[in-house]
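Reading through the structure tokens given below for one structure.
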Amino acid sequence: MKKLLFYIFALISISGFSQEKDQEKQELMALKKANNFVYEGNEKAVNNDFVSAEMAYRKALSQQATSVAGAYNLGTSYYQEGSYNEALYRLQQATKNATSKEEKHKAFHNIGNILMKENKCQEAVDAYKNALRNNPSDNETRYNLALAKKCAEDQKDEQQDDNKDDQNKDQNQDQNQDQNQDQNQDEQKDDQDKQDEGENKDDNQDQGDQDKKDGDEQKDDQGKPKEDKKDQGKGDDQKKDQQPPQPQPGQLSPQQVKNLLEAMNNQEQKVQEKINAEKQKGVKVQTEKDW
């Protein structure tokens, strides 16, 4: 029984060891194919055939997803084409799969270059610092770090200036709104005053027209004021009561006319009496003939 168990465990161990050997063999074959595709992609990239190079690097990653060379070279190819987003993604993938400091240094250095192209200066500073942590002696990375720091400071100052400008703009906008509100209130008040003034003007005009109409009615055809007949009659009566009528030049007063008529009547009566007396005496009276 013990021997049987021993043979069983021996067979299992041998089978497991064989499977591990097969898996290692497959991984080595995949790595070899991946490296071959990377080598092919490098040749295409040297000849500026980036499309073919990209296809080769993709094949390398399909054979071995953790291929640092495939991801790094594919990212570098995208960077040379100007496809910065794709390049950044592949280089970040290379930093995760990298096992050596040199591989990490190169990947972080190129990440910093991409971020500088996109004016992400503070993020580029962080990338260059990570590159220097893996290779502190790289002068090129150190120089790029200094440029990235200067760029980040300038952007920070610009951001502060923009914030101040925005604050000033908001303050000016608030002031303008207050001024516009006050101006609108003043304009509304002026409009109301003008409206009230216009209404008063219309009322005054209507009153003036009525006064003018009344004045015209009180004038005669010659434009002279008419006298109230009733008042005029009263005035005449009052004048009669107050003083006798005065004779006008070249005219006889009523009293003079009356006196004259009485004198004429008296004279005529005297003449008639004389004629009658002569008739009684039988004496003829001579009268002048009216020729």
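Residue numbering restarts at 1 for every chain of the structure tokens, chains are lettered A, B, ... in their displayed order, and ligands are numbered from 1 as they appear.
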
As a PyMOL selection string, please: the residues near Gln64 in chain A (cut-off 7 Å, only C-alpha atoms, same-chain neighbours under 6 positions excluded). chain A and resi 30-31+34

A:Leu260, A:Leu28, A:Ala146, A:Leu74 ranked by distance to Phe50 in chain A, top pick (using only C-alpha atoms): A:Leu74

Counting only C-alpha atoms, what is within 9 Å of Lys129 in chain A, bar same-chain residues fewer than 2 positions away, as a ChimeraX atom specification? /A:108-109,124-127,131-134,141-142,145

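Interatomic distance, CA of Tyr79 in chain A to CA of Ser52 in chain A: 15.2 Å.
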
Find the distance between CA of Asn119 in chain A and CA of Ser83 in chain A and write it in Å to one decimal. 14.9 Å

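Excluding Lys96 in chain A itself and same-chain residues fewer than 3 positions from it, the residues having an atom within 10 Å of it are Thr66, Val68, Leu91, Gln92, Gln93, Thr99, Lys104 and Ala107 of chain A, counting only C-alpha atoms.
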
Between A:Asn276, A:Ser67, A:Gln195, A:Asn180, which one has atoms that come closest to Thr95 in chain A, using only C-alpha atoms? A:Ser67
